[in-house]
Amino acid sequence: LQGIFMKEREHALSAFYFALEAQLVKVHKSMRRQEQLISGAVAHLESFPDSRESESTATRPLSNHEDINSFLRKLIDFIARFQHMVSMNNKVTRQIIDAFNSRFQIDFEKCMGLPGGAQLLVEQRDICAWLL
């Protein structure tokens with residue numbers, strides 16, 4: 001995207017639009033992979049025996065409890081990092097658009113609208129919905 005800032009205004013608008021779109025699609029694919037990893041982890045977690053199904057916790061091996069707790073901690077950490085990555089990505093995207101606006105003294109969103117890829121961006125509320 002940086003090379004676009006060196007172009008003339010009339011060429012920069014369309015070049016920026018298409019470059020931003022390409023970057024947003026890449027980000028979306030990465031976010032989808034992260035979502036699939038979380039979904040897979042949750043499915044794996046659901047495969048552990050339910051403690052309510054056993055007559056007593058004494059009949060279940062302790063290592064199973066330890067495995068579940070360890071897995072849960074790792075999953076929670078992964079989700080927290082994913083949420084942070086989403087937040088930072090959205091912030092950086094906004095900063096890039098603001099820098100473009102400042103450089104060319106225009107409002108990119110008013111002139112061109114956001115590329116379709118912007119509609120694909122994941123937000124923290126999306127992650128919370130997935131976890132329900």
# chains A, B, ... in the order shown; residues from 1 in each chain; ligands from 1
call {"tool": "select_by_dssp", "arguments": {"residues": "region 27-115 of chain A", "states": "alpha helix (DSSP H)", "output": "NGL selection string"}}
result
:A and (27-46 or 62-104 or 108-112)
call {"tool": "residues_around", "arguments": {"residues": "Tyr17 (chain A)", "least_positions_apart": "4", "cutoff": "8 Å", "atoms": "only C-alpha atoms", "output": "count of residues only"}}
result
5
call {"tool": "atom_distance", "arguments": {"atom1": "CA of Ala12 (chain A)", "atom2": "CA of Lys110 (chain A)"}}
result
15.0 Å
call {"tool": "closest_residue", "arguments": {"among": "A:Met31, A:Asp98, A:Val92, A:Val42", "to": "Asp126 (chain A)", "atoms": "only C-alpha atoms"}}
result
A:Met31
call {"tool": "residues_around", "arguments": {"residues": "Ile97 (chain A)", "least_positions_apart": "5", "cutoff": "12 Å", "atoms": "only C-alpha atoms", "output": "ChimeraX atom specification"}}
result
/A:1-2,4-5,13,16-17,19-21,90-92,102-110,112-115,118
call {"tool": "atom_distance", "arguments": {"atom1": "CA of Asn101 (chain A)", "atom2": "CA of Met85 (chain A)"}}
result
24.2 Å
call {"tool": "residues_around", "arguments": {"residues": "His44 (chain A)", "least_positions_apart": "6", "cutoff": "12 Å", "atoms": "only C-alpha atoms", "output": "VMD selection string"}}
result
chain A and resid 37 to 38 67 to 68 71 to 72 75
